Amino acid sequence: MAVDETSNDLDENPNNNLGNNLGKDASNTTVKDTAPNQNQKSALVWLGVLLVIALGIYFQNPAYALLGALALRLILDVNPIKQSGTIGKLSLQTAIVLLGFSLGIDSLMQMSSDYGLIVAVFVLGTLGLGLLMGRLLRSDQVETTLIASGTAICGGTAIATLAPLINAKPQQFAVATALVFLLNIIALLTFPYIGTQLGLSQEVFGAWVALAIHDTSSVMATATIYGDEAAQVAAAVKLGRTLWLIPLAFAVSLIYGRREAKIRVPTFVLLFVGMAIVSRFVPLEPVVIGYISLLSKTLLVIALAMIGLEINRQTLSQMSMRSIGLGVGLWIIVAPVALALVLYL
């Protein structure tokens, strides 16, 4: 009995477990030390983003920045740049405005005249086809409207504009935006190769990507990879396509009875036209235009890097097969149709 009581006393004495507790604490500390904490992840993302931006500027290829930033966000699952969305938006819009200097108002007017009918046919046809496919696939009506509008006009901008008008839920908005973003990446990686293999001219390629690619950022990035002239044509045609968002938003607001909808011409579109007008009356030396072009490309690289940081794992995991089928199927149909319109209409 004495032995048993002594044994029990030893087990109940907390001091006797001191060694075990210290061992557990040391083990936990080791695990925590080996796993990167939030600050370390943020530092890695910052370094990575600066690196991919430098690569994109050096090679004059925004794809490096977009894909690199996207990989960093998905792998480390952290975005330390709190205002990345705003920075990306302002960088992109400034890059487009600066292109107005090198384009000129005469060229802008000519392109608007040449491609106005093509843009109208593409926008209206894509909208109608997207809504029809959504009904056939029995896809969610709200997601169908967002995906069809984003494909027809201007990707994420159209989705963001229409979402509050049709009472889209955050998940529906995120799914449509993520799907458009992923298709933009595919276009960015494949369209320059396709254009080269088909022997497309700078003008034809610029007009094609301005129609076939959703977001303005990816349109400009893809066209820039192909050539400076392609970027100028793409900017003019794409901005003309973006203006279709105004009547679309007006029509949707009437259908859904949303009188509070704010419908206006994007400021950067007006500034782009203004710069094109200024360039006609204030001629610049070629070296100055060259520096402006370099600055525009640099801002475009920064914009693509910031956009890459905006997509996370949670958003990608929310996409349904019907939404993917609608978005991918619609784009596979309208992309070659867009090229046919540019070549033959």
# chains A, B, ... in the order shown; residues from 1 in each chain; ligands from 1
call {"tool": "residues_around", "arguments": {"residues": "stretch 140-150 of chain A", "least_positions_apart": "5", "cutoff": "10 Å", "atoms": "only C-alpha atoms", "output": "NGL selection string"}}
result
:A and (123-124 or 126-135 or 155-163 or 166-169 or 171-177 or 179-180 or 213-215 or 245 or 248-249 or 252 or 322-324 or 326-328 or 330-331)
call {"tool": "residues_around", "arguments": {"residues": "A:Val233", "least_positions_apart": "3", "cutoff": "7 Å", "atoms": "only C-alpha atoms", "output": "list of chain:residue names"}}
result
A:Glu203, A:Gly206, A:Ala207, A:Glu229, A:Ala230, A:Ala236, A:Val237
call {"tool": "write_last_selection", "arguments": {"atoms": "C-alpha atoms", "output": "PDB file, in the first residue's frame"}}
result
ATOM      1  CA  GLU A 203      -3.555  46.288 -87.206  1.00  0.00           C
ATOM      2  CA  GLY A 206      -4.741  44.699 -82.435  1.00  0.00           C
ATOM      3  CA  ALA A 207      -8.360  44.831 -83.577  1.00  0.00           C
ATOM      4  CA  GLU A 229       1.172  49.438 -83.561  1.00  0.00           C
ATOM      5  CA  ALA A 230      -0.979  46.562 -82.392  1.00  0.00           C
ATOM      6  CA  ALA A 236      -8.686  52.615 -79.841  1.00  0.00           C
ATOM      7  CA  VAL A 237     -10.953  49.677 -80.686  1.00  0.00           C
TER       8      VAL A 237
END
call {"tool": "residues_around", "arguments": {"residues": "stretch 64-70 of chain A", "least_positions_apart": "3", "cutoff": "6 Å", "atoms": "only C-alpha atoms", "output": "list of chain:residue names"}}
result
A:Val49, A:Val52, A:Ile53, A:Gly56, A:Arg73, A:Leu304, A:Ala305, A:Gly308, A:Leu309
call {"tool": "residues_around", "arguments": {"residues": "stretch 268-279 of chain A", "least_positions_apart": "4", "cutoff": "9 Å", "atoms": "only C-alpha atoms", "output": "list in words"}}
result
Gln93, Thr94, Ile96, Val97, Leu98, Leu99, Gly100, Phe101, Ser102, Leu103, Gly104, Ile105, Asp106, Ser107, Leu108, Leu239, Thr242, Leu243, Pro283 and Leu284 of chain A
call {"tool": "closest_residue", "arguments": {"among": "A:Leu182, A:Trp244, A:Phe250, A:Tyr291", "to": "A:Leu316", "atoms": "only C-alpha atoms"}}
result
A:Leu182
call {"tool": "select_by_dssp", "arguments": {"residues": "stretch 28-266 of chain A", "states": "alpha helix (DSSP H)", "output": "PyMOL selection string"}}
result
chain A and resi 28-34+38-59+62-76+84-103+105-136+141-149+156-162+170-198+202-212+216-226+228-242+245-255
call {"tool": "atom_distance", "arguments": {"atom1": "atom CA of A:Leu137", "atom2": "atom CA of A:Val342"}}
result
29.3 Å
call {"tool": "atom_distance", "arguments": {"atom1": "atom CA of A:Gly48", "atom2": "atom CA of A:Ala221"}}
result
20.0 Å
call {"tool": "atom_distance", "arguments": {"atom1": "atom CA of A:Ala63", "atom2": "atom CA of A:Lys41"}}
result
22.9 Å
call {"tool": "residues_around", "arguments": {"residues": "A:Asn312", "least_positions_apart": "2", "cutoff": "6 Å", "atoms": "only C-alpha atoms", "output": "count of residues only"}}
result
3
call {"tool": "closest_residue", "arguments": {"among": "A:Leu51, A:Leu183, A:Leu343, A:Ile153", "to": "A:Gly125", "atoms": "only C-alpha atoms"}}
result
A:Ile153
call {"tool": "decode", "arguments": {"residues": "stretch 62-147 of chain A", "atoms": "C-alpha atoms", "output": "mmCIF file, in the first residue's frame"}}
result
data_model
loop_
_atom_site.group_PDB
_atom_site.id
_atom_site.type_symbol
_atom_site.label_atom_id
_atom_site.label_comp_id
_atom_site.auth_asym_id
_atom_site.auth_seq_id
_atom_site.Cartn_x
_atom_site.Cartn_y
_atom_site.Cartn_z
ATOM 1 C CA PRO A 62 3.498 42.098 -68.979
ATOM 2 C CA ALA A 63 2.825 38.347 -68.862
ATOM 3 C CA TYR A 64 5.801 37.882 -66.516
ATOM 4 C CA ALA A 65 4.248 40.265 -64.016
ATOM 5 C CA LEU A 66 0.746 38.819 -64.241
ATOM 6 C CA LEU A 67 1.686 35.150 -63.960
ATOM 7 C CA GLY A 68 4.377 35.757 -61.350
ATOM 8 C CA ALA A 69 2.087 37.773 -59.075
ATOM 9 C CA LEU A 70 -0.716 35.247 -59.493
ATOM 10 C CA ALA A 71 1.605 32.372 -58.539
ATOM 11 C CA LEU A 72 2.789 34.243 -55.451
ATOM 12 C CA ARG A 73 -0.782 34.904 -54.306
ATOM 13 C CA LEU A 74 -1.939 31.330 -54.822
ATOM 14 C CA ILE A 75 1.132 29.724 -53.224
ATOM 15 C CA LEU A 76 1.566 32.006 -50.203
ATOM 16 C CA ASP A 77 -2.120 33.020 -49.951
ATOM 17 C CA VAL A 78 -1.386 36.570 -48.819
ATOM 18 C CA ASN A 79 -1.562 40.018 -50.418
ATOM 19 C CA PRO A 80 0.493 42.568 -48.455
ATOM 20 C CA ILE A 81 -0.311 45.391 -50.890
ATOM 21 C CA LYS A 82 -3.608 46.561 -49.434
ATOM 22 C CA GLN A 83 -4.370 48.993 -52.257
ATOM 23 C CA SER A 84 -3.323 46.658 -55.076
ATOM 24 C CA GLY A 85 -6.691 47.002 -56.812
ATOM 25 C CA THR A 86 -6.521 50.792 -56.830
ATOM 26 C CA ILE A 87 -2.861 50.845 -57.882
ATOM 27 C CA GLY A 88 -3.572 48.434 -60.722
ATOM 28 C CA LYS A 89 -6.556 50.420 -61.934
ATOM 29 C CA LEU A 90 -4.743 53.776 -61.913
ATOM 30 C CA SER A 91 -1.629 52.315 -63.548
ATOM 31 C CA LEU A 92 -3.670 50.762 -66.347
ATOM 32 C CA GLN A 93 -5.724 53.871 -67.007
ATOM 33 C CA THR A 94 -2.629 56.089 -67.048
ATOM 34 C CA ALA A 95 -0.899 53.710 -69.452
ATOM 35 C CA ILE A 96 -3.858 53.927 -71.838
ATOM 36 C CA VAL A 97 -4.074 57.709 -71.597
ATOM 37 C CA LEU A 98 -0.384 58.023 -72.498
ATOM 38 C CA LEU A 99 -0.988 55.988 -75.649
ATOM 39 C CA GLY A 100 -3.127 58.867 -76.901
ATOM 40 C CA PHE A 101 0.047 60.870 -77.534
ATOM 41 C CA SER A 102 1.424 58.360 -80.010
ATOM 42 C CA LEU A 103 -1.913 57.502 -81.652
ATOM 43 C CA GLY A 104 -3.248 60.920 -82.674
ATOM 44 C CA ILE A 105 -6.832 62.072 -83.135
ATOM 45 C CA ASP A 106 -6.838 61.446 -86.895
ATOM 46 C CA SER A 107 -5.902 57.790 -86.470
ATOM 47 C CA LEU A 108 -8.392 57.445 -83.621
ATOM 48 C CA MET A 109 -11.245 58.806 -85.736
ATOM 49 C CA GLN A 110 -10.292 56.593 -88.656
ATOM 50 C CA MET A 111 -10.210 53.447 -86.520
ATOM 51 C CA SER A 112 -13.527 54.311 -84.898
ATOM 52 C CA SER A 113 -15.036 54.629 -88.363
ATOM 53 C CA ASP A 114 -13.439 51.432 -89.673
ATOM 54 C CA TYR A 115 -14.333 49.221 -86.724
ATOM 55 C CA GLY A 116 -17.521 50.799 -85.338
ATOM 56 C CA LEU A 117 -19.857 48.378 -87.147
ATOM 57 C CA ILE A 118 -17.673 45.374 -86.281
ATOM 58 C CA VAL A 119 -17.716 46.292 -82.581
ATOM 59 C CA ALA A 120 -21.505 46.686 -82.619
ATOM 60 C CA VAL A 121 -22.059 43.312 -84.297
ATOM 61 C CA PHE A 122 -19.676 41.596 -81.890
ATOM 62 C CA VAL A 123 -21.120 43.129 -78.716
ATOM 63 C CA LEU A 124 -24.772 42.513 -79.559
ATOM 64 C CA GLY A 125 -24.122 39.043 -80.974
ATOM 65 C CA THR A 126 -22.068 37.954 -77.955
ATOM 66 C CA LEU A 127 -24.666 39.237 -75.507
ATOM 67 C CA GLY A 128 -27.475 37.399 -77.280
ATOM 68 C CA LEU A 129 -25.503 34.174 -77.630
ATOM 69 C CA GLY A 130 -24.340 34.285 -74.000
ATOM 70 C CA LEU A 131 -27.871 34.698 -72.648
ATOM 71 C CA LEU A 132 -29.124 31.887 -74.904
ATOM 72 C CA MET A 133 -26.334 29.518 -73.850
ATOM 73 C CA GLY A 134 -26.991 30.293 -70.201
ATOM 74 C CA ARG A 135 -30.611 29.284 -70.604
ATOM 75 C CA LEU A 136 -29.711 26.092 -72.460
ATOM 76 C CA LEU A 137 -27.158 25.149 -69.805
ATOM 77 C CA ARG A 138 -29.617 26.127 -67.038
ATOM 78 C CA SER A 139 -26.932 28.289 -65.515
ATOM 79 C CA ASP A 140 -27.686 30.784 -62.752
ATOM 80 C CA GLN A 141 -29.412 33.792 -64.341
ATOM 81 C CA VAL A 142 -27.354 36.381 -62.502
ATOM 82 C CA GLU A 143 -24.053 34.658 -63.306
ATOM 83 C CA THR A 144 -25.191 34.263 -66.923
ATOM 84 C CA THR A 145 -25.845 38.002 -67.194
ATOM 85 C CA LEU A 146 -22.488 38.875 -65.660
ATOM 86 C CA ILE A 147 -20.487 36.405 -67.772
#
